Amino acid sequence: MSVTRSGWQIYISSLVGKAGLILLIFMVVASIYVLATYPLDYGIRVWSNPKSWADNPITVPPTWVDFFTGRDLVTHHITITTTSKGTETIAGLKFKVYELDYDLEEDGFPTYLMIKIYNVSMYSERGVYFVINFTRPDGDEIRLITFAEVPPPNSDLPYIAFSKNEKIIFLSKERSVGFSLLTYINSKYNLNYTIDKLNEINYNKVLFGIPTEEGGEVVWKPLKGVYKINVYMLGEDKDNIAMLKAVFGGESYGFLGTDDNGRDLAQGLLFGFPVALAIGFFTSIVTTAIGASLGIISGYKGGRVDEIIQRISDVVYNFPFLPIIILIVFIISRMPGFPRLLAIFGAIVALGWPGLTILIRSMVLSLKQSQFIEAARAIGASDRRIMFKHIFPNLAPFIFAQMIFFTPGAILAEAALSFLGLGDPNIPTWGQIIEESFRAGAALNGWWWWVLPPGLLIMLAAITFVFIALGLEPIVNPKLQER
Amino acid sequence: MVKNILEVRDLYLYYKTYKGIVQAVDGISFNIPEGQTLGIVGESGCGKSSTANTIIRLLPKNTYKYEGSIKLNGEEITTIPMDEFRRTIRWRKVAMVFQGAMNSLNPVLKVGFQVAEPLIVHLGMDKSEALDRARQVFEKIGLTPAFLDRYPHELSGGMRQRIVIAMAMIMNPQLLILDEPTSALDVSIQAQIMNLLKSLKKEYHLSMIFITHDIALASDISDLLAVMYAGEIVEYGPIEEVLLNPQHPYAQKLIASIPRLREDKEPEFLPGNPPGLINPPKGCRFASRCPYRFEKCSEAPDLVWINGNHYVKCHLYSEGK
């Protein structure tokens with residue numbers, strides 16, 4: 001070395017080193033954000049729970065594809081109300097009115113319309129009667145559906161209906177809505193459709209559009225403006241709906257779209273950051289610790305100990321990594337209750353250590369011949385002390401670099417195993433998400449937002465650690481230092 | 001009569017190699033009186049360092065024969081079990097400065113820790129206490145305590161040598177073995193180190209074994225001189241005796257090879273090479289290069305008493321010549 005520079009200066013002066021560090025900081029920040037805001041059992045409680053995604057549109061692209069489609073996609077919209085607008089008397093009956101608004105701004109149709117009713121309290125055994133009306137921007141009011149809800153016989157009053165499971169009415173699929181719409185288009189546009197024809201063109205086009213004639217054919221065009229859903233409830237004065245929710249399905253959703261369960265992919269992918277980092281770091285730390293310790297012991301002790309350790313490493317080193325690891329994880333994952341992520345972690349460690357052991361041993365063999373190790377032996381230091389106080393510090397930079405080098409391998413191995421269906425379905429990892437997309441045929445269906453982001457993230461994680469390792473290399477191996 | 005700190009009798013150290021048995025130390029005997037220094041001189045590969053390693057019992061794995069008697073302060077130390085030897089003798093009573101001290105320091109550990117380490121290992125001191133003691137020793141050998149926190153590569157050769165000496169002195173040993181302590185240093189630094197060693201000798205009444213191939217340097221500090229050749233001590237005696245009146249033909253040639261100031265004589269050199277230590281010649285090992293050789297030289301000579309404490313291993317001086 002002509003100029004003595006500290007390791008840090010050497011590292012930070014290299015472009016890859018800087019890039020790697022920035023990427024790592026990004027990953028760490030994302031992980032900290034996830035750990036701070038997500039519940040720890042996010043996988044089971046939210047990700048794998050269909051209920052938490054029931055409102056979401058299925059396999060829709062991210063909202064930002066608007067930039068490329070040339071037309072603004074209809075965004076997903078949910079309107080909630082908990083209070084009644086007032087009462088209205090129709091034909092001498094007093095109805096409680098709840099109103100849900102929706103402003104259609106984009107040039108498209110919402111993909112579906114759904115209404116959810118929560119916790120209806122009834123103070124009489126006669127129950128309540130619901131009428132759901134739909135008001136369009138052109139002033140037309142369509143009666144979509146009517147239905148009654150009665151408390152079961154001999155139940156205590158007030159009875160709370162829809163408390164365990166909310167009442168879900170898929171207005172854009174409901175058959176009785178279809179008949180209302182048939183009547184409506186017949187009287188307004190003089191269109192004589194059959195129910196089958198209506199099913200073909202979709203209720204939502206009729207709900208949110210107007211028919212135009214184009215080349216002799218009827219084409220439904222979206223009608224922009226404010227829509228209102230009015231829920232009329234007939235019952236006792238005290239009868240009450242705790243919450244009403246209307247879901248206007250979007251053509252796009254969130255930052256990274258949704259999968260075939262309506263799950264927000266951005267959330268799942270974000271959760272993948274701490275998981276990937278944890279897998280990468282833990283496996284590489286444990287693997288490196290085992291590999292380096294065995295290498296030092298093997299090289300320093302020599303003789304039979306050396307022979308045993310080296311032969312075992314030779315054998316393990318020559319196992320074909322992926323097939324054996326698949327086998328191990330497959331067997332372990334059969335054990336009920338054994339966390340699969342732990343099985344993957346253990347399998348990677350079990351197969352990952354021998355390379356380092358062989359390498360470190362060869363370095364220790366030459367180190368132990370050096371005078372300072374003989375000097376350490378002469379002052380009466382024990383073998384353990386020599387191995388870990390004198391030999392280890394000489395190898396520490398190299399071992400550290402090896403640890404960083406091993407990290408992307410561990411992340412990729414986890415992704416590969418998850419992709420093969422051996423991952424933990426309860427914890428969303430990037431490999432897991434790719435596997436689900438593969439199973440759903442996302443690539444064939446053109447659902448690119450489900451395939452590309454997890455793939456790119458895996459690549460990003462691997463590149464981060466490769467960059468860091470490349471930045472560290474000149475420090476560990478001074479011959480590579482640029483003059 | 002001064003007490004002997006070290007008495008070595010018929011010491012053997014053979015190594016086993018693929019080519020055969022190397023007779024590195026072949027039956028040597030000598031005494032060192034308390035407070036005195038024995039210089040051991042000889043060519044490279046004559047067994048000087050092996051002798052040192054035998055005394056401190058740093059035997060390589062391929063040791064084939066390790067025999068003889070070494071008495072430290074009258075106590076036999078060759079029979080002490082290895083573990084006890086490591087705990088009670090090595091570094092506590094006998095310490096050593098290794099050949100090429102530049103390499104005796106671990107490049108990635110601070111020198112203060114390395115000097116203090118024997119205290120941690122032997123006396124179970126904690127690190128700060130041991131470093132305090134190291135600081136005192138540093139002052140004694142003329143290093144500022146600031147050096148405690150330095151790494152070896154930050155220090156010059158002379159400083160490193162001092163630090164290695166400090167490492168050897170930290171347990172206050174009775175006997176200090178110096179194996180070519182100055183061979184890698186330039187002359188002025190060599191002088192500093194020699195002066196340091198002399199002051200340590202005087203101040204602590206320290207006994208030393210000074211191994212070198214430089215007779216002039218040995219004469220500077222030694223009270224006794226042993227000349228080694230092919231694994232044997234061929235001449236042993238008080239330094240003036242051996243230097244001024246060398247008896248063994250090898251010792252004569254060796255001393256004649258020292259260049260002299262203001263003398264017209266060319267330095268002599270020894271033709272030929274020393275015999276290999278695998279299967280050395282049966283008789284006198286020097287015979288092949290000796291100008292005085294005669295028939296009897298095919299038999300192994302015994303150590304012959306010349307006068308006082310002066311012995312020589314040569315048939316020229318034996319009775320039945």
# chains A, B, ... in the order shown; residues from 1 in each chain; ligands from 1
>>> residues_around(residues="Gly158 (chain B)", least_positions_apart="4", cutoff="9 Å", atoms="only C-alpha atoms", output="CSV table (one decimal) with C-alpha atoms, in the first residue's frame")
chain,number,residue,atom,x,y,z
B,102,MET,CA,9.6,-8.6,13.4
B,162,ARG,CA,12.1,-3.7,22.0
B,163,ILE,CA,8.5,-4.7,22.3
B,182,THR,CA,19.3,-8.3,16.1
B,185,LEU,CA,18.2,-4.7,12.2
B,186,ASP,CA,20.7,-2.1,10.9
B,189,ILE,CA,19.6,0.0,16.0
B,190,GLN,CA,21.6,-3.2,16.7
B,192,GLN,CA,20.7,0.3,20.8
B,193,ILE,CA,19.3,-3.2,21.4
>>> interface_residues(of="chain B", to="chain A", cutoff="9 Å", atoms="only C-alpha atoms", output="ChimeraX atom specification")
/B:56-58,86-87,90-92,95-109,114,117-118,121-122,167-168
>>> write_last_selection(atoms="C-alpha atoms", output="PDB file, in the first residue's frame")
ATOM      1  CA  ILE B  56      11.910 -23.889  26.264  1.00  0.00           C
ATOM      2  CA  ARG B  57      10.414 -27.148  24.997  1.00  0.00           C
ATOM      3  CA  LEU B  58       8.804 -25.802  21.843  1.00  0.00           C
ATOM      4  CA  ARG B  86       3.581 -24.536  30.144  1.00  0.00           C
ATOM      5  CA  ARG B  87       2.092 -23.190  33.349  1.00  0.00           C
ATOM      6  CA  ARG B  90       7.731 -21.421  30.089  1.00  0.00           C
ATOM      7  CA  TRP B  91       7.673 -17.651  30.127  1.00  0.00           C
ATOM      8  CA  ARG B  92       7.529 -17.556  33.932  1.00  0.00           C
ATOM      9  CA  ALA B  95      11.403 -16.585  28.266  1.00  0.00           C
ATOM     10  CA  MET B  96      12.503 -16.247  24.705  1.00  0.00           C
ATOM     11  CA  VAL B  97      12.946 -13.637  22.016  1.00  0.00           C
ATOM     12  CA  PHE B  98      12.434 -15.339  18.710  1.00  0.00           C
ATOM     13  CA  GLN B  99      14.470 -15.229  15.597  1.00  0.00           C
ATOM     14  CA  GLY B 100      13.163 -12.489  13.328  1.00  0.00           C
ATOM     15  CA  ALA B 101      11.299 -10.627  16.028  1.00  0.00           C
ATOM     16  CA  MET B 102       9.634  -8.554  13.370  1.00  0.00           C
ATOM     17  CA  ASN B 103       7.399 -11.523  12.711  1.00  0.00           C
ATOM     18  CA  SER B 104       6.840 -12.459  16.347  1.00  0.00           C
ATOM     19  CA  LEU B 105       4.125  -9.865  16.660  1.00  0.00           C
ATOM     20  CA  ASN B 106       0.586 -10.546  15.519  1.00  0.00           C
ATOM     21  CA  PRO B 107      -0.107  -7.902  12.856  1.00  0.00           C
ATOM     22  CA  VAL B 108      -3.740  -7.426  13.830  1.00  0.00           C
ATOM     23  CA  LEU B 109      -3.398  -7.045  17.599  1.00  0.00           C
ATOM     24  CA  GLN B 114       0.496  -8.673  23.095  1.00  0.00           C
ATOM     25  CA  GLU B 117      -0.978 -11.219  27.309  1.00  0.00           C
ATOM     26  CA  PRO B 118       1.380 -13.478  29.349  1.00  0.00           C
ATOM     27  CA  VAL B 121      -2.689 -16.117  30.529  1.00  0.00           C
ATOM     28  CA  HIS B 122      -0.473 -16.939  33.510  1.00  0.00           C
ATOM     29  CA  MET B 167       7.038  -9.300  26.011  1.00  0.00           C
ATOM     30  CA  ALA B 168       9.793 -11.654  27.165  1.00  0.00           C
TER      31      ALA B 168
END
>>> residues_around(residues="Glu232 (chain B)", least_positions_apart="3", cutoff="6 Å", atoms="only C-alpha atoms", output="PyMOL selection string")
chain B and resi 26+28+228-229
>>> closest_residue(among="A:Val74, A:Leu365, A:Ile279, A:Met243", to="Phe162 (chain A)", atoms="only C-alpha atoms")
A:Met243
>>> select_by_dssp(residues="region 95-331 of chain A", states="alpha helix (DSSP H)", output="number ranges by chain")
A: 175-189, 195-201, 203-207, 265-301, 303-317, 321-331
>>> residues_around(residues="Leu224 (chain B)", least_positions_apart="2", cutoff="12 Å", atoms="only C-alpha atoms", output="count of residues only")
37
>>> residues_around(residues="Asp132 (chain B)", least_positions_apart="4", cutoff="12 Å", atoms="only C-alpha atoms", output="number ranges by chain")
B: 112-113, 115-117, 119-120, 125-128, 136-139, 145, 148, 170
>>> closest_residue(among="A:Ser298, A:Asn119, A:Ser293, A:Thr89", to="Asn165 (chain A)", atoms="only C-alpha atoms")
A:Asn119
>>> residues_around(residues="Tyr204 (chain B)", least_positions_apart="6", cutoff="10 Å", atoms="only C-alpha atoms", output="ChimeraX atom specification")
/B:35,172-174
>>> write_last_selection(atoms="N, CA, C and O atoms", output="tab-separated table (two decimals), in the first residue's frame")
chain	number	residue	atom	x	y	z
B	35	GLY	N	23.44	-15.05	36.30
B	35	GLY	CA	23.79	-13.69	35.93
B	35	GLY	C	24.72	-13.59	34.75
B	35	GLY	O	25.11	-12.50	34.37
B	172	ASN	N	9.26	-11.29	34.44
B	172	ASN	CA	10.52	-11.33	35.19
B	172	ASN	C	11.15	-12.72	35.17
B	172	ASN	O	11.32	-13.35	36.21
B	173	PRO	N	11.53	-13.24	34.02
B	173	PRO	CA	12.08	-14.58	33.94
B	173	PRO	C	13.50	-14.63	34.52
B	173	PRO	O	14.15	-13.58	34.67
B	174	GLN	N	13.95	-15.85	34.89
B	174	GLN	CA	15.32	-16.00	35.38
B	174	GLN	C	16.30	-16.14	34.23
B	174	GLN	O	17.46	-15.79	34.35
>>> residues_around(residues="Val231 (chain A)", least_positions_apart="4", cutoff="9 Å", atoms="only C-alpha atoms", output="PDB file with N, CA, C and O atoms, in the first residue's frame")
ATOM      1  N   LYS A  96     -86.292   5.146   7.321  1.00  0.00           N
ATOM      2  CA  LYS A  96     -85.015   5.788   7.659  1.00  0.00           C
ATOM      3  C   LYS A  96     -84.147   5.734   6.410  1.00  0.00           C
ATOM      4  O   LYS A  96     -84.094   4.707   5.738  1.00  0.00           O
ATOM      5  N   VAL A  97     -83.483   6.850   6.066  1.00  0.00           N
ATOM      6  CA  VAL A  97     -82.723   6.890   4.816  1.00  0.00           C
ATOM      7  C   VAL A  97     -81.220   6.972   5.107  1.00  0.00           C
ATOM      8  O   VAL A  97     -80.762   7.773   5.922  1.00  0.00           O
ATOM      9  N   TYR A  98     -80.474   6.111   4.432  1.00  0.00           N
ATOM     10  CA  TYR A  98     -79.003   6.175   4.477  1.00  0.00           C
ATOM     11  C   TYR A  98     -78.533   6.430   3.061  1.00  0.00           C
ATOM     12  O   TYR A  98     -79.024   5.809   2.131  1.00  0.00           O
ATOM     13  N   GLU A  99     -77.572   7.357   2.936  1.00  0.00           N
ATOM     14  CA  GLU A  99     -77.125   7.689   1.588  1.00  0.00           C
ATOM     15  C   GLU A  99     -75.629   7.413   1.414  1.00  0.00           C
ATOM     16  O   GLU A  99     -74.821   7.729   2.285  1.00  0.00           O
ATOM     17  N   LEU A 100     -75.258   6.803   0.279  1.00  0.00           N
ATOM     18  CA  LEU A 100     -73.853   6.534  -0.046  1.00  0.00           C
ATOM     19  C   LEU A 100     -73.557   7.182  -1.387  1.00  0.00           C
ATOM     20  O   LEU A 100     -74.231   6.895  -2.368  1.00  0.00           O
ATOM     21  N   PHE A 130     -85.883  -3.531   3.856  1.00  0.00           N
ATOM     22  CA  PHE A 130     -84.916  -2.661   3.179  1.00  0.00           C
ATOM     23  C   PHE A 130     -85.319  -2.433   1.738  1.00  0.00           C
ATOM     24  O   PHE A 130     -85.772  -3.354   1.041  1.00  0.00           O
ATOM     25  N   VAL A 131     -85.102  -1.196   1.294  1.00  0.00           N
ATOM     26  CA  VAL A 131     -85.261  -0.864  -0.124  1.00  0.00           C
ATOM     27  C   VAL A 131     -83.964  -0.164  -0.529  1.00  0.00           C
ATOM     28  O   VAL A 131     -83.538   0.783   0.126  1.00  0.00           O
ATOM     29  N   ILE A 132     -83.332  -0.675  -1.577  1.00  0.00           N
ATOM     30  CA  ILE A 132     -82.089  -0.027  -2.021  1.00  0.00           C
ATOM     31  C   ILE A 132     -82.335   0.608  -3.377  1.00  0.00           C
ATOM     32  O   ILE A 132     -82.649  -0.079  -4.350  1.00  0.00           O
ATOM     33  N   ASN A 133     -82.198   1.928  -3.405  1.00  0.00           N
ATOM     34  CA  ASN A 133     -82.382   2.685  -4.637  1.00  0.00           C
ATOM     35  C   ASN A 133     -81.054   3.213  -5.147  1.00  0.00           C
ATOM     36  O   ASN A 133     -80.149   3.494  -4.375  1.00  0.00           O
ATOM     37  N   PHE A 134     -81.001   3.385  -6.448  1.00  0.00           N
ATOM     38  CA  PHE A 134     -79.784   3.816  -7.096  1.00  0.00           C
ATOM     39  C   PHE A 134     -80.104   5.061  -7.911  1.00  0.00           C
ATOM     40  O   PHE A 134     -80.951   5.024  -8.799  1.00  0.00           O
ATOM     41  N   LEU A 244     -72.781   1.123   6.974  1.00  0.00           N
ATOM     42  CA  LEU A 244     -73.090   0.739   5.600  1.00  0.00           C
ATOM     43  C   LEU A 244     -71.858   1.018   4.749  1.00  0.00           C
ATOM     44  O   LEU A 244     -71.196   2.043   4.919  1.00  0.00           O
TER      45      LEU A 244
END
>>> atom_distance(atom1="CA of Tyr118 (chain A)", atom2="CA of His77 (chain A)")
18.4 Å
>>> atom_distance(atom1="CA of Leu234 (chain A)", atom2="CA of Ile168 (chain A)")
19.0 Å
>>> atom_distance(atom1="CA of Tyr189 (chain A)", atom2="CA of Lys205 (chain A)")
14.3 Å
>>> closest_residue(among="B:Arg135, B:Glu75, B:Lys61, B:Cys46", to="Gly303 (chain A)", atoms="only C-alpha atoms")
B:Lys61
>>> closest_residue(among="B:Ser199, B:Ser188, B:Asn279, B:Ser257", to="Gly142 (chain B)", atoms="only C-alpha atoms")
B:Ser199
